[in-house]
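Visitor: Below is the structure I would like to discuss, written out as C-alpha cells.
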Amino acid sequence: MEVLDPTVTRDDQPLFINDTLERGQVMTVEKQAASPADTPSCIKARYVLGFLGFLGFALVYAMRVNLSVAIVSMVNQTAIPHVDNNDTTDVCDNKDIINGTFIPSAGEFDWDDRTQGLILGAFFIGYVATNVPGGRMAEKVGGKLVCGLGVFLTAVLTVISPFAAYWGLTPFLAVRIAEGFTEGVTFPAMHNMLAHWVPPLERGKFAAIVYAGSNFGTVISLPVSGWLCSLEFWGGWPLAFYLFGGLGIVWYIFWLLFVYDTPSEHPRIDPQERAYIEACVESKDEDDDLGVPWLAIFTSLPMWAITITQCGQAWAFYTLLTELPTYMDRILHYNVQQDAFLSALPYLSAWIMGLVISSIADALLARQMISPLISIKLWNTVASLGPSLSFIGAIWAGCDRFTVMMMLAGLGSLQGAVYAGNQMNHIALAPRYAGTLYGLSNAAANVCGFLAPYIIGRIVQDHETLARWHLVFWMAAGINMLTNCFYLMFASATEQSWSKGRS
C-alpha cells in the first residue's frame, strides 16, 4: 500500500496522525475532521477536560514549587554555619542591595545547604517511583480516577506539610516524598486521557494549553508564596502550603463532576462531538489488552531519544526551578518578595512562548511546509538551545541583576517550544501505551529533579561564589544540548511496530 504524507490537513490545523496510515484512512479522517458535525455545542466536553487539566497542572506545580520560595523564610540563616569566603573578588557587591532590604532570614529551622538540597530533592524520590505505575493504571482503570486522586492526595499532603516540618526533619521529608508519590501519576494519566479525547488535528495546541498549566502554576506560586511568606499571620510561610493545598481539594470536586475517562462514558456530551472524536481517535478494546511489550520499548531508539532529551531539559528546568530563588537570595541579594516576583518571570515568558510556538508549529504543518519528524526535531532543539543560551548569558552578565533576569526570562522562554517538540511524541510512537511511555520518560527525567538540587548543593556548599554558580550554569547548558543531539539522531514520528501489543 502507498504511504501518504501524514501532514494532510484542513486549512487551519495539521493532521497529527501516524506516518503509516494508508491513503483511504487519511482521507476518511480528514473528511470527518473537516465536517461541520462538531460545531453545534458551545461548551465542548473535551474543552472542559482541557480547562480542568490546565488548572490541575497549575495547582500541582504550585504545590510543588512553593517550597523553593518558602524554604528561604523557613531557614534561620544566622543560625547555620557559613564558611567565610576569602575570595572577595569573586562575589557580588553587597553594598548595592536593593532598598537596603536584604536581611538574613529569621526562620525557625537550622537546615544547612546540604539539608536544604535534600529537602528540595526529596519530592522526586516519590515522584519517580509512581510515573510508570501511574501510566499503566490509567490505561487499565482510566485516567480520571488516577489523575484526580493524584492531585487530591497531593493537596492533602501539602496542607499538612507545615505540621510535619514543625514535628521534625524526618516527618517533613516523609511528607515531601509522599507528595511526590501521589503527584507522580498525574502526567502519565493525563497523557492517557489526551489519547482518548483529543483528535489528531488538535493535539499540538491542546497539549500546549493543558501542560502549560505547569508554567502558569509556577508563575502564580512563586510571587504569591513570596508575599505570603512576608506576612506575620500564622507565621507567614505555612500559608503558602495551606492556600494551594486547599485549592487542590476544591479542584477535585469539579474534576469528579465534569470529567470522564472517554467520550462514550460522558453522560452529557453532545452526540455530534462524541461522534467526531470517536471517528478521529483510535478506540481501544479494553478486553483486548495484550500487555506491554517491555522488551521492545526498552530497545527502541526513538523511545530512548525522547527519554534522554527529557532528562537534559529536566536538568536545566530544575536547576532554574529549585535553585534560582537561592541564587537570587545569596548571590544577587534580592529579598524574598523581590526574589519571588522575579523568579516567576522565566515561567511566565515560557508559558506565553509555548502557546505562540505551538501555533506556529501547527501552521507550518498545516501548510505542509515541514514534515512531522522535522517539526519535532526543530522545536525540540529550540526548547533545548534557548535555556542553554540563557544560562550562558547569565554567566556573561555576572552581577548585573537586570541582565541576568532578562537572559533567563528572554532566551529561557524558548523552553516553551517543548510542547511542539518531544511532549506528544509518545502518542505518535504508540497511542495504546501513551501513558506508560510518558511515565517511563518522565520518571527518568525527574530523577534529575533529585540529582540537580543535591549535586548543586554539594558544588556551592560553603563556597557560594560566582565561579561555583557559573559552573552550575555551564553544567546545565552542556547537559541540555548534548542530550538534544541524541534526539536529533534517533527521534521518530512514525508509529512503531510494537505499538499494537506483544509481538
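Residues in the C-alpha cells are numbered from 1 in each chain, the chains being A, B, ... in the order shown, and ligands are numbered from 1 in the order shown.
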Quick one: residues within 9 Å of A:Thr309, only C-alpha atoms, excluding same-chain residues fewer than 6 positions away - as a PyMOL selection string?

Guide: chain A and resi 380+384+422+445+480-487

Visitor: May I ask for the distance between atom CA of A:Leu385 and atom CA of A:Gly50, given in Å to one decimal place?

Guide: 28.8 Å

Visitor: Residues at most 9 Å from A:Gly478, counting only C-alpha atoms, excluding those fewer than 5 positions away in the same chain, as a list in words?

Guide: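 Answer for this query is Gly312, Ser388, Phe473 and Thr483 of chain A.
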
Visitor: Show which residues sit within 7 Å of A:Met193, as an NGL selection string. Count only C-alpha atoms, and ignore same-chain residues fewer than 4 positions away.

Guide: :A and (143 or 189 or 197 or 261)

Visitor: Do a neighbour search on A:Ala174 at 12 Å with only C-alpha atoms, toss out local chain neighbours closer than 5 positions, and write the hits as an MDAnalysis selection string.

Guide: chainID A and resid 118:119 121:126 157:158 160:161 164:165 167:169 179:181

Visitor: Env of A:Ile209: 9 Å cut, atoms = only C-alpha atoms, seq-sep filter 6 positions within chain, self excluded. Answer as a count of residues only.

Guide: 7
